[in-house]
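A short worksheet on the structure shown next.
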Amino acid sequence: MNGFCYVDERFADLQMLRYKLHGFEQLSLQQKLFVYYLSKAALFGRDITFDQFGRYNLLIRKTLEVVYTDCRIARDTAEFRALEVYLKRVWFSKGIYHHYGSEKFLPDFSADYLKHMLHKVDARRLPLAEGQTVDGLCEELFPVIFDPTVLPKCVNKADGEDLLLTSACNFYEGVTQAEAEAYYAEKKSATDKTPVSHGLNTTLVKRDGQITEDLWTTDGRYGNALSHIVYWLRKAATVTENDAQREVIDTLVAYYETGDLRLFDEYSIKWLQCLDGRVDFINGFIEVYSDPLGLKGSWESLVEYVDEDASLRTQKIASNAQWFEDHSPVDPRFRKPMVKGISARAICAAMLGGDEYPSTAIGINLPNADWIRAQYGSKSITISNITDAYKKAAHGNGFKEEFIIDTATLELVERYGDMCDDLHTDLHECLGHGSGRLLPDVDPDALKAYGNTIEEARADLFGLYYIADPKMVELGLLPDGEAYKSHYYTYMMNGLMTQLIRITPGNQIEEAHMRNRSLIAHWCASQGSVVELVVRDGKTYVQVNDYERLRQLFAQLLAEVQRIKSEGDYEAARQLVETYAVKVDSTLHSEVLERYRRLDLAPYKGFINPQMLPVVDANGQIADVQLNYSESYAHQMLRYSTEYGTLI
């Protein structure tokens with residue numbers, strides 16, 4: 001559509017964008033219906049993630065929404081505008097904790113103001129417990145909202161602390177870290193070659209001194225939300241493109257109804273082998289980054305269809321997977337002798353849901369179970385219309401000019417940067433996560449809280465090593481042997497400096513992907529003068545002195561990171577992460593923040609979903625599905641709370 005606008009409103013440290021569904025109009029009616037029904041299933045899981053990220057999140061969201069929609073007086077005041085911004089942040093982060101930094105963000109309005117407003121609305125609209133008064137609701141929620149010492153972090157990863165007792169995420173109730181680790185260690189068997197992902201779909205609770213698990217199923221915890229998801233999945237099953245897709249959905253439904261993790265593995269295998277249709281989806285309790293122990297899956301969903309032109313790049317990579325594995329710089333003991341089932345496609349996102357909304361990944365590689373990867377392979381996607389939106393939103397914003405060291409390097413990045421960014425994402429997702437193997441009898445969870453960071457570092461290093469390989473030019477993925485340097489520069493600049501714009505002063509680095517980049521960049525910077533920070537005209541810049549040697553350092557670190565994962569070397573993982581990935585130089589941090597502040601940019605981006613509108617014919621049948629890109633962020637969030645609210 002002409003005049004499509006990618007950039008929408010901005011608030012706090014967030015910029016809302018829109019993504020376009022390129023080629024959606026060319027899908028058949030059956031494919032459009034498939035996408036539509038899957039999208040309904042994607043949106044009905046929204047409340048699950050709010051609850052997973054903090055037990056008070058749903059109550060706080062509902063309370064604020066009532067004030068925001070029902071108070072029609074004194075809206076043009078500083079405190080009401082502050083309440084609006086706070087609510088938008090709650091919507092974005094699926095709760096009161098920063099979606100990236102994990103720390104609790106505090107409102108810029110007072111407790112007295114909120115209490116006054118709550119007494120102005122109809123109390124019957126508020127989420128009051130039976131017999132609870134408005135004052136009682138305030139007593140329950142206000143310490144959580146306003147006191148910085150009460151439940152201050154969603155996910156705490158600080159070394160030496162009890163990560164469960166100091167994290168506000170809602171995966172554990174009354175259980176210490178030691179108790180949880182012992183509970184799941186007892187469930188594991190060293191002789192089980194196909195272990196399920198213990199704890200992936202449960203809340204671990206202690207009741208009357210006994211530790212047990214509450215299953216997330218259609219008749220268990222989150223039952224109402226999952227029942228709605230199942231309803232729409234079954235509708236989708238009536239319009240699949242082939243029988244294999246129908247089997248995938250049927251198995252997922254059976255898993256949601258029973259909570260049987262063997263069924264989840266069966267679903268995962270069927271899903272990764274289902275490649276014939278153009279439409280695909282992700283739906284489930286999958287990624288474990290939001291659990292400090294890396295066990296519990298946050299609910300997420302993505303509905304997608306293949307971007308056929310962009311997929312030519314990913315297919316070239318996937319078809320050469322064995323070559324990449326055989327030439328990896330890691331110890332041959334840790335390589336896969338036979339790479340199986342690697343598939344890679346570029347896709348257009350059609351709907352984002354759960355932990356993939358409003359902030360989303362740009363690439364995904366699944367399943368996560370190591371034994372499934374080893375025996376059956378994995379499926380990778382890169383999300384072309386999301387990366388397209390990011391690029392268009394960033395064009396001409398002055399960021400590169402401020403932080404890149406000189407004109408020659410800037411020209412290098414301008415010439416090659418976008419293609420190298422896309423290629424590194426492909427290598428990371430398509431091959432990096434699917435590469436390597438564990439030694440026999442190594443526990444996949446041996447690295448505990450450091451596992452996510454090590455795994456992301458492993459995939460990034462794989463991509464960094466190979467993006468500079470002549471194979472990239474041979475395959476036609478890069479135009480020449482100079483292109484990789486643009487990515488090496490921006491990666492090191494990000495890891496050493498510019499990602500600090502996402503850190504609150506005084507905090508350390510917590511998020512696994514940020515820790516990964518910091519680990520790689522700071523480790524390389526510690527290995528002599530290959531890359532260093534220099535000061536020019538009072539500003540700090542990254543200077544790469546030897547690109548070929550930098551590639552050798554990536555190879556050296558990849559070999560060590562793969563050894564750590566393959567051997568389950570927890571202590572080496574801890575030392576590597578704590579030494580290079582966590583700490584922040586406060587002086588450099590202050591400088592970077594000030595330089596970024598002058599650019600007047602938002603460090604985080606998120607997306608407004610398109611609205612799918614079924615067109616019904618005279619016989620009451622859906623004759624088409626049309627797209628509406630005009631819905632505002634606030635309207636979409638309020639509509640979702642009304643249409644897809646299932647848990648409160």
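Here's how to read the names in the structure tokens: chain A, B, ... by the order shown, residue numbers from 1 in each chain, ligand numbers from 1 in the order shown.
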With only C-alpha atoms as the counted atoms, please give the residues lying no more than 12 Å from Ala369 in chain A, apart from itself and same-chain residues fewer than 2 positions off, as a PDB file with N, CA and C atoms, in the first residue's frame.
```pdb
ATOM      1  N   LYS A 193      18.292 -41.061  26.824  1.00  0.00           N
ATOM      2  CA  LYS A 193      18.891 -40.395  25.668  1.00  0.00           C
ATOM      3  C   LYS A 193      17.921 -39.439  24.977  1.00  0.00           C
ATOM      4  N   THR A 194      16.666 -39.472  25.381  1.00  0.00           N
ATOM      5  CA  THR A 194      15.657 -38.569  24.810  1.00  0.00           C
ATOM      6  C   THR A 194      14.896 -37.876  25.936  1.00  0.00           C
ATOM      7  N   PRO A 195      15.587 -37.112  26.771  1.00  0.00           N
ATOM      8  CA  PRO A 195      14.938 -36.538  27.958  1.00  0.00           C
ATOM      9  C   PRO A 195      13.944 -35.450  27.603  1.00  0.00           C
ATOM     10  N   VAL A 196      12.833 -35.420  28.324  1.00  0.00           N
ATOM     11  CA  VAL A 196      11.891 -34.325  28.166  1.00  0.00           C
ATOM     12  C   VAL A 196      12.452 -33.085  28.842  1.00  0.00           C
ATOM     13  N   SER A 197      11.870 -31.949  28.545  1.00  0.00           N
ATOM     14  CA  SER A 197      12.302 -30.674  29.131  1.00  0.00           C
ATOM     15  C   SER A 197      11.585 -30.476  30.457  1.00  0.00           C
ATOM     16  N   HIS A 198      12.086 -31.131  31.489  1.00  0.00           N
ATOM     17  CA  HIS A 198      11.429 -31.105  32.800  1.00  0.00           C
ATOM     18  C   HIS A 198      11.181 -29.672  33.261  1.00  0.00           C
ATOM     19  N   LEU A 200       9.215 -27.416  31.916  1.00  0.00           N
ATOM     20  CA  LEU A 200       8.956 -26.442  30.861  1.00  0.00           C
ATOM     21  C   LEU A 200       7.563 -25.833  30.962  1.00  0.00           C
ATOM     22  N   LEU A 261       4.883 -33.878  28.325  1.00  0.00           N
ATOM     23  CA  LEU A 261       6.042 -33.347  27.626  1.00  0.00           C
ATOM     24  C   LEU A 261       6.539 -34.268  26.522  1.00  0.00           C
ATOM     25  N   ARG A 262       6.209 -35.538  26.575  1.00  0.00           N
ATOM     26  CA  ARG A 262       6.528 -36.420  25.451  1.00  0.00           C
ATOM     27  C   ARG A 262       5.736 -36.003  24.214  1.00  0.00           C
ATOM     28  N   PHE A 264       4.850 -32.939  23.668  1.00  0.00           N
ATOM     29  CA  PHE A 264       5.493 -31.714  23.197  1.00  0.00           C
ATOM     30  C   PHE A 264       6.676 -32.055  22.307  1.00  0.00           C
ATOM     31  N   ASP A 265       7.473 -33.055  22.689  1.00  0.00           N
ATOM     32  CA  ASP A 265       8.590 -33.474  21.837  1.00  0.00           C
ATOM     33  C   ASP A 265       8.087 -34.038  20.511  1.00  0.00           C
ATOM     34  N   GLU A 266       7.006 -34.797  20.559  1.00  0.00           N
ATOM     35  CA  GLU A 266       6.430 -35.338  19.330  1.00  0.00           C
ATOM     36  C   GLU A 266       5.948 -34.200  18.428  1.00  0.00           C
ATOM     37  N   SER A 268       7.117 -31.154  18.448  1.00  0.00           N
ATOM     38  CA  SER A 268       8.297 -30.425  17.973  1.00  0.00           C
ATOM     39  C   SER A 268       8.921 -31.114  16.766  1.00  0.00           C
ATOM     40  N   ILE A 269       8.994 -32.429  16.808  1.00  0.00           N
ATOM     41  CA  ILE A 269       9.574 -33.187  15.691  1.00  0.00           C
ATOM     42  C   ILE A 269       8.693 -33.062  14.452  1.00  0.00           C
ATOM     43  N   ILE A 286       7.925 -21.988  25.232  1.00  0.00           N
ATOM     44  CA  ILE A 286       9.112 -22.344  24.445  1.00  0.00           C
ATOM     45  C   ILE A 286      10.407 -21.800  25.047  1.00  0.00           C
ATOM     46  N   GLU A 287      10.644 -20.497  24.928  1.00  0.00           N
ATOM     47  CA  GLU A 287      11.933 -19.957  25.361  1.00  0.00           C
ATOM     48  C   GLU A 287      11.982 -19.806  26.880  1.00  0.00           C
ATOM     49  N   VAL A 288      13.181 -20.008  27.442  1.00  0.00           N
ATOM     50  CA  VAL A 288      13.331 -20.077  28.901  1.00  0.00           C
ATOM     51  C   VAL A 288      14.151 -18.914  29.455  1.00  0.00           C
ATOM     52  N   LEU A 295      14.534 -22.979  32.866  1.00  0.00           N
ATOM     53  CA  LEU A 295      13.736 -24.197  32.725  1.00  0.00           C
ATOM     54  C   LEU A 295      12.322 -23.929  32.212  1.00  0.00           C
ATOM     55  N   ASN A 365      15.301 -20.213  15.934  1.00  0.00           N
ATOM     56  CA  ASN A 365      15.716 -21.573  15.608  1.00  0.00           C
ATOM     57  C   ASN A 365      15.157 -22.507  16.671  1.00  0.00           C
ATOM     58  N   LEU A 366      14.371 -23.479  16.242  1.00  0.00           N
ATOM     59  CA  LEU A 366      13.721 -24.415  17.143  1.00  0.00           C
ATOM     60  C   LEU A 366      13.726 -25.802  16.511  1.00  0.00           C
ATOM     61  N   PRO A 367      13.499 -26.847  17.325  1.00  0.00           N
ATOM     62  CA  PRO A 367      13.249 -26.901  18.771  1.00  0.00           C
ATOM     63  C   PRO A 367      14.531 -26.668  19.585  1.00  0.00           C
ATOM     64  N   TRP A 371      18.654 -33.218  22.086  1.00  0.00           N
ATOM     65  CA  TRP A 371      18.572 -34.547  21.482  1.00  0.00           C
ATOM     66  C   TRP A 371      17.730 -34.521  20.211  1.00  0.00           C
ATOM     67  N   ILE A 372      16.716 -33.648  20.160  1.00  0.00           N
ATOM     68  CA  ILE A 372      15.930 -33.528  18.934  1.00  0.00           C
ATOM     69  C   ILE A 372      16.779 -32.901  17.830  1.00  0.00           C
ATOM     70  N   ARG A 373      17.553 -31.897  18.174  1.00  0.00           N
ATOM     71  CA  ARG A 373      18.456 -31.292  17.186  1.00  0.00           C
ATOM     72  C   ARG A 373      19.419 -32.329  16.617  1.00  0.00           C
ATOM     73  N   ALA A 374      19.960 -33.166  17.514  1.00  0.00           N
ATOM     74  CA  ALA A 374      20.948 -34.150  17.083  1.00  0.00           C
ATOM     75  C   ALA A 374      20.329 -35.218  16.185  1.00  0.00           C
ATOM     76  N   GLN A 375      19.131 -35.682  16.535  1.00  0.00           N
ATOM     77  CA  GLN A 375      18.538 -36.797  15.800  1.00  0.00           C
ATOM     78  C   GLN A 375      17.684 -36.365  14.608  1.00  0.00           C
ATOM     79  N   TYR A 376      17.037 -35.198  14.731  1.00  0.00           N
ATOM     80  CA  TYR A 376      16.068 -34.812  13.702  1.00  0.00           C
ATOM     81  C   TYR A 376      16.388 -33.485  13.019  1.00  0.00           C
ATOM     82  N   GLY A 377      17.194 -32.650  13.650  1.00  0.00           N
ATOM     83  CA  GLY A 377      17.526 -31.361  13.069  1.00  0.00           C
ATOM     84  C   GLY A 377      16.767 -30.219  13.698  1.00  0.00           C
ATOM     85  N   SER A 378      16.659 -29.124  12.967  1.00  0.00           N
ATOM     86  CA  SER A 378      15.995 -27.937  13.488  1.00  0.00           C
ATOM     87  C   SER A 378      15.440 -27.126  12.328  1.00  0.00           C
ATOM     88  N   HIS A 433      22.899 -22.228  16.134  1.00  0.00           N
ATOM     89  CA  HIS A 433      22.174 -22.954  17.179  1.00  0.00           C
ATOM     90  C   HIS A 433      22.108 -24.447  16.887  1.00  0.00           C
ATOM     91  N   GLY A 434      22.134 -24.811  15.618  1.00  0.00           N
ATOM     92  CA  GLY A 434      22.033 -26.223  15.267  1.00  0.00           C
ATOM     93  C   GLY A 434      23.362 -26.944  15.188  1.00  0.00           C
ATOM     94  N   ARG A 437      27.624 -30.616  19.312  1.00  0.00           N
ATOM     95  CA  ARG A 437      26.900 -31.666  20.041  1.00  0.00           C
ATOM     96  C   ARG A 437      27.453 -31.785  21.449  1.00  0.00           C
ATOM     97  N   LEU A 438      26.612 -32.289  22.340  1.00  0.00           N
ATOM     98  CA  LEU A 438      27.032 -32.588  23.697  1.00  0.00           C
ATOM     99  C   LEU A 438      27.759 -33.922  23.722  1.00  0.00           C
ATOM    100  N   ASP A 443      24.510 -33.423  30.898  1.00  0.00           N
ATOM    101  CA  ASP A 443      23.188 -32.870  31.165  1.00  0.00           C
ATOM    102  C   ASP A 443      23.004 -31.601  30.339  1.00  0.00           C
ATOM    103  N   PRO A 444      21.946 -31.501  29.516  1.00  0.00           N
ATOM    104  CA  PRO A 444      21.723 -30.275  28.737  1.00  0.00           C
ATOM    105  C   PRO A 444      21.567 -29.025  29.600  1.00  0.00           C
ATOM    106  N   ASP A 445      21.199 -29.197  30.875  1.00  0.00           N
ATOM    107  CA  ASP A 445      21.018 -28.058  31.779  1.00  0.00           C
ATOM    108  C   ASP A 445      22.204 -27.858  32.711  1.00  0.00           C
TER     109      ASP A 445
END
```
Practice prompt. For Asp47 in chain A, work out the shell of residues within 10 Å, counting only C-alpha atoms and skipping chain neighbours fewer than 2 positions away, then give it as a PyMOL selection string.
Written response: chain A and resi 43-45+49-52+57-58+94+222+225+299+354+640-641+644-648
Filtering to N, CA, C and O atoms, could you give me those residues as a PDB file, in the first residue's frame?
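Just written: result05.pdb:
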```pdb
ATOM      1  N   LEU A  43      -3.271 -14.595  19.765  1.00  0.00           N
ATOM      2  CA  LEU A  43      -3.646 -13.469  20.621  1.00  0.00           C
ATOM      3  C   LEU A  43      -4.281 -13.912  21.935  1.00  0.00           C
ATOM      4  O   LEU A  43      -4.249 -13.165  22.916  1.00  0.00           O
ATOM      5  N   PHE A  44      -4.834 -15.121  21.976  1.00  0.00           N
ATOM      6  CA  PHE A  44      -5.484 -15.569  23.204  1.00  0.00           C
ATOM      7  C   PHE A  44      -4.497 -16.005  24.289  1.00  0.00           C
ATOM      8  O   PHE A  44      -4.908 -16.306  25.402  1.00  0.00           O
ATOM      9  N   GLY A  45      -3.206 -16.024  23.993  1.00  0.00           N
ATOM     10  CA  GLY A  45      -2.232 -16.357  25.036  1.00  0.00           C
ATOM     11  C   GLY A  45      -1.664 -15.159  25.762  1.00  0.00           C
ATOM     12  O   GLY A  45      -0.809 -15.294  26.636  1.00  0.00           O
ATOM     13  N   THR A  49       1.409 -14.636  29.452  1.00  0.00           N
ATOM     14  CA  THR A  49       2.731 -14.037  29.648  1.00  0.00           C
ATOM     15  C   THR A  49       2.697 -12.938  30.701  1.00  0.00           C
ATOM     16  O   THR A  49       3.657 -12.771  31.459  1.00  0.00           O
ATOM     17  N   PHE A  50       1.616 -12.166  30.755  1.00  0.00           N
ATOM     18  CA  PHE A  50       1.502 -11.166  31.819  1.00  0.00           C
ATOM     19  C   PHE A  50       1.626 -11.844  33.182  1.00  0.00           C
ATOM     20  O   PHE A  50       2.347 -11.366  34.065  1.00  0.00           O
ATOM     21  N   ASP A  51       0.941 -12.948  33.374  1.00  0.00           N
ATOM     22  CA  ASP A  51       0.983 -13.634  34.665  1.00  0.00           C
ATOM     23  C   ASP A  51       2.340 -14.279  34.912  1.00  0.00           C
ATOM     24  O   ASP A  51       2.839 -14.280  36.044  1.00  0.00           O
ATOM     25  N   GLN A  52       2.950 -14.819  33.873  1.00  0.00           N
ATOM     26  CA  GLN A  52       4.253 -15.461  34.047  1.00  0.00           C
ATOM     27  C   GLN A  52       5.322 -14.466  34.489  1.00  0.00           C
ATOM     28  O   GLN A  52       6.236 -14.821  35.233  1.00  0.00           O
ATOM     29  N   ASN A  57       0.891  -8.611  37.818  1.00  0.00           N
ATOM     30  CA  ASN A  57       0.833  -7.864  36.556  1.00  0.00           C
ATOM     31  C   ASN A  57      -0.583  -7.714  36.012  1.00  0.00           C
ATOM     32  O   ASN A  57      -0.965  -6.637  35.535  1.00  0.00           O
ATOM     33  N   LEU A  58      -1.357  -8.787  36.044  1.00  0.00           N
ATOM     34  CA  LEU A  58      -2.715  -8.704  35.497  1.00  0.00           C
ATOM     35  C   LEU A  58      -3.594  -7.780  36.334  1.00  0.00           C
ATOM     36  O   LEU A  58      -4.389  -6.995  35.795  1.00  0.00           O
ATOM     37  N   LYS A  94       4.533  -6.417  29.270  1.00  0.00           N
ATOM     38  CA  LYS A  94       3.688  -7.474  29.835  1.00  0.00           C
ATOM     39  C   LYS A  94       3.829  -7.504  31.348  1.00  0.00           C
ATOM     40  O   LYS A  94       3.890  -8.564  31.970  1.00  0.00           O
ATOM     41  N   TYR A 222      -3.819 -21.713  33.866  1.00  0.00           N
ATOM     42  CA  TYR A 222      -3.977 -21.054  32.568  1.00  0.00           C
ATOM     43  C   TYR A 222      -5.008 -21.761  31.694  1.00  0.00           C
ATOM     44  O   TYR A 222      -5.020 -21.609  30.467  1.00  0.00           O
ATOM     45  N   ALA A 225      -7.298 -19.595  29.193  1.00  0.00           N
ATOM     46  CA  ALA A 225      -6.547 -19.094  28.041  1.00  0.00           C
ATOM     47  C   ALA A 225      -6.213 -20.224  27.077  1.00  0.00           C
ATOM     48  O   ALA A 225      -6.391 -20.097  25.852  1.00  0.00           O
ATOM     49  N   TRP A 299       5.178 -18.302  27.343  1.00  0.00           N
ATOM     50  CA  TRP A 299       4.272 -18.584  26.230  1.00  0.00           C
ATOM     51  C   TRP A 299       4.494 -17.566  25.124  1.00  0.00           C
ATOM     52  O   TRP A 299       4.613 -16.364  25.360  1.00  0.00           O
ATOM     53  N   GLY A 354       2.006 -13.140  22.644  1.00  0.00           N
ATOM     54  CA  GLY A 354       2.704 -13.573  23.851  1.00  0.00           C
ATOM     55  C   GLY A 354       4.046 -12.896  24.002  1.00  0.00           C
ATOM     56  O   GLY A 354       4.176 -11.676  23.873  1.00  0.00           O
ATOM     57  N   TYR A 640      -7.321  -5.735  22.876  1.00  0.00           N
ATOM     58  CA  TYR A 640      -6.809  -7.058  23.240  1.00  0.00           C
ATOM     59  C   TYR A 640      -7.227  -7.432  24.659  1.00  0.00           C
ATOM     60  O   TYR A 640      -7.578  -8.584  24.938  1.00  0.00           O
ATOM     61  N   SER A 641      -7.180  -6.456  25.575  1.00  0.00           N
ATOM     62  CA  SER A 641      -7.578  -6.750  26.954  1.00  0.00           C
ATOM     63  C   SER A 641      -9.050  -7.139  27.031  1.00  0.00           C
ATOM     64  O   SER A 641      -9.444  -7.967  27.858  1.00  0.00           O
ATOM     65  N   TYR A 644      -9.399 -10.579  24.324  1.00  0.00           N
ATOM     66  CA  TYR A 644      -8.565 -11.747  24.593  1.00  0.00           C
ATOM     67  C   TYR A 644      -8.203 -11.887  26.069  1.00  0.00           C
ATOM     68  O   TYR A 644      -7.323 -12.661  26.421  1.00  0.00           O
ATOM     69  N   GLY A 645      -8.879 -11.128  26.927  1.00  0.00           N
ATOM     70  CA  GLY A 645      -8.666 -11.265  28.358  1.00  0.00           C
ATOM     71  C   GLY A 645      -9.313 -12.546  28.870  1.00  0.00           C
ATOM     72  O   GLY A 645     -10.532 -12.716  28.775  1.00  0.00           O
ATOM     73  N   THR A 646      -8.527 -13.434  29.423  1.00  0.00           N
ATOM     74  CA  THR A 646      -9.035 -14.751  29.831  1.00  0.00           C
ATOM     75  C   THR A 646      -8.752 -15.104  31.286  1.00  0.00           C
ATOM     76  O   THR A 646      -9.363 -16.023  31.825  1.00  0.00           O
ATOM     77  N   LEU A 647      -7.820 -14.377  31.909  1.00  0.00           N
ATOM     78  CA  LEU A 647      -7.370 -14.803  33.237  1.00  0.00           C
ATOM     79  C   LEU A 647      -7.760 -13.841  34.338  1.00  0.00           C
ATOM     80  O   LEU A 647      -7.394 -14.043  35.494  1.00  0.00           O
ATOM     81  N   ILE A 648      -8.478 -12.781  34.011  1.00  0.00           N
ATOM     82  CA  ILE A 648      -8.897 -11.836  35.045  1.00  0.00           C
ATOM     83  C   ILE A 648     -10.197 -11.162  34.623  1.00  0.00           C
ATOM     84  O   ILE A 648     -10.455 -11.021  33.436  1.00  0.00           O
TER      85      ILE A 648
END
```
Item to complete: Write out as a PyMOL selection string each polymer residue whose atoms come within 12 Å of Tyr183 in chain A, counting only C-alpha atoms; drop sequence neighbours fewer than 3 positions from it.
Response: chain A and resi 175-180+186-188+198-199+204-206+210-213
According to DSSP computed on the backbone, where in range 387-622 of chain A is there strand (DSSP E or B)? Give the residues as a PDB file with C-alpha atoms, in the first residue's frame.
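The result, stored in out26.pdb:
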```
ATOM      1  CA  VAL A 531      40.525  -4.154  18.865  1.00  0.00           C
ATOM      2  CA  GLU A 532      40.563  -1.280  21.338  1.00  0.00           C
ATOM      3  CA  LEU A 533      38.748   1.771  22.592  1.00  0.00           C
ATOM      4  CA  VAL A 534      40.334   5.066  21.542  1.00  0.00           C
ATOM      5  CA  VAL A 535      39.488   8.690  22.325  1.00  0.00           C
ATOM      6  CA  ARG A 536      39.266  11.260  19.553  1.00  0.00           C
ATOM      7  CA  LYS A 539      34.764  10.985  22.329  1.00  0.00           C
ATOM      8  CA  THR A 540      35.364   7.264  22.704  1.00  0.00           C
ATOM      9  CA  TYR A 541      35.296   5.018  19.636  1.00  0.00           C
ATOM     10  CA  VAL A 542      35.969   1.391  18.803  1.00  0.00           C
ATOM     11  CA  GLN A 543      39.009   0.854  16.608  1.00  0.00           C
ATOM     12  CA  VAL A 544      39.641  -2.479  14.900  1.00  0.00           C
ATOM     13  CA  TYR A 604      13.943   0.007  22.081  1.00  0.00           C
ATOM     14  CA  LYS A 605      11.458  -0.774  19.345  1.00  0.00           C
ATOM     15  CA  GLY A 606       8.206  -2.708  19.358  1.00  0.00           C
ATOM     16  CA  PHE A 607       5.416  -3.418  16.921  1.00  0.00           C
ATOM     17  CA  ILE A 608       1.721  -2.791  16.477  1.00  0.00           C
ATOM     18  CA  GLN A 611      -5.781  -5.954  12.461  1.00  0.00           C
ATOM     19  CA  MET A 612      -7.269  -8.834  10.481  1.00  0.00           C
ATOM     20  CA  LEU A 613     -10.848  -8.239   9.411  1.00  0.00           C
ATOM     21  CA  PRO A 614     -12.858 -11.140   7.954  1.00  0.00           C
ATOM     22  CA  VAL A 615     -15.175 -10.189   5.104  1.00  0.00           C
ATOM     23  CA  VAL A 616     -18.412 -12.185   5.273  1.00  0.00           C
ATOM     24  CA  ILE A 622     -15.773 -15.659   5.158  1.00  0.00           C
TER      25      ILE A 622
END
```
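Among the candidates A:Asp243, A:Glu300, A:Glu548, A:Glu257, the residue lying nearest to Asp219 in chain A is A:Glu257 (atoms considered: only C-alpha atoms).
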Item to complete: Just the residues within 12 Å of Glu591 in chain A, please, counting only C-alpha atoms, with nothing from its chain fewer than 4 positions along; format it as a PyMOL selection string.
Response: chain A and resi 403+497-498+500-501+505+535+538-541+585-587+595-598
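Considering the residues A:Asn242, A:Asn385, A:Thr490, A:Ser311 and counting only C-alpha atoms, Tyr416 in chain A has its shortest atom-to-atom contact with A:Thr490.
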Item to complete: Could you please write out, as an NGL selection string, every residue of range 91-207 of chain A that DSSP assigns to alpha helix (DSSP H)?
Response: :A and (91-93 or 111-118 or 134-146 or 177-187)
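When only C-alpha atoms are used to compute distances to Tyr172 in chain A, the closest of the residues A:Asp260, A:Asp291, A:Asp135, A:Glu456 turns out to be A:Asp291.
The space separating CA of Gly396 in chain A from CA of Cys420 in chain A comes to 18.5 Å.
Nearest residue to Gln636 in chain A, choosing from A:Asp421, A:Pro148, A:Phe92, A:Leu461 and counting only C-alpha atoms: A:Phe92.
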Worksheet entry | Exercise: His424 in chain A partners within 7 Å, only C-alpha atoms, chain neighbours under 5 positions left out, as an NGL selection string | :A and (463-464 or 467)
Could the residues in this selection be saved with all heavy atoms as a short mmCIF file (atom, residue, chain, number, x, y, z; two decimals), in the first residue's frame?
```cif
data_model
loop_
_atom_site.label_atom_id
_atom_site.label_comp_id
_atom_site.auth_asym_id
_atom_site.auth_seq_id
_atom_site.Cartn_x
_atom_site.Cartn_y
_atom_site.Cartn_z
N GLY A 463 28.36 -17.51 13.60
CA GLY A 463 28.07 -16.59 12.52
C GLY A 463 29.21 -15.62 12.26
O GLY A 463 29.53 -15.31 11.10
N LEU A 464 29.83 -15.12 13.31
CA LEU A 464 30.95 -14.18 13.15
C LEU A 464 32.13 -14.84 12.45
O LEU A 464 32.80 -14.23 11.60
CB LEU A 464 31.37 -13.64 14.51
CG LEU A 464 30.40 -12.65 15.17
CD1 LEU A 464 30.75 -12.45 16.63
CD2 LEU A 464 30.39 -11.32 14.43
N ILE A 467 31.02 -15.53 8.59
CA ILE A 467 30.67 -14.41 7.72
C ILE A 467 31.90 -13.87 7.00
O ILE A 467 31.80 -13.24 5.94
CB ILE A 467 29.95 -13.29 8.51
CG1 ILE A 467 29.15 -12.40 7.56
CG2 ILE A 467 30.93 -12.47 9.34
CD1 ILE A 467 28.22 -11.43 8.26
#
```
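Considering only C-alpha atoms, the residue among A:Tyr305, A:Tyr491, A:Phe554, A:Tyr450 positioned nearest to Val35 in chain A is A:Tyr305.
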Worksheet item: For Glu429 in chain A, which of A:Ala344, A:Leu17, A:Ala483, A:Ile520 is the closest residue, counting only C-alpha atoms?
Response: A:Ala344
Practice prompt. Pick out the residues sitting within 10 Å of Ile454 in chain A, and hand them over as JSON, numbers by chain; count only C-alpha atoms, and ignore anything fewer than 4 positions along from it in its own chain.
Written response: {"A": [447, 449, 450, 458, 459, 460, 512, 513, 515, 516, 519, 561, 562, 564, 565, 573, 574, 576, 577]}
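For the pair CA of Ser298 in chain A and CA of Ala634 in chain A, the separation is 23.9 Å.
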Worksheet item: Excluding same-chain residues fewer than 2 positions from range 25-29 of chain A, what lies within 8 Å of it counting only C-alpha atoms, as a PyMOL selection string?
Response: chain A and resi 23+31-33+623-625
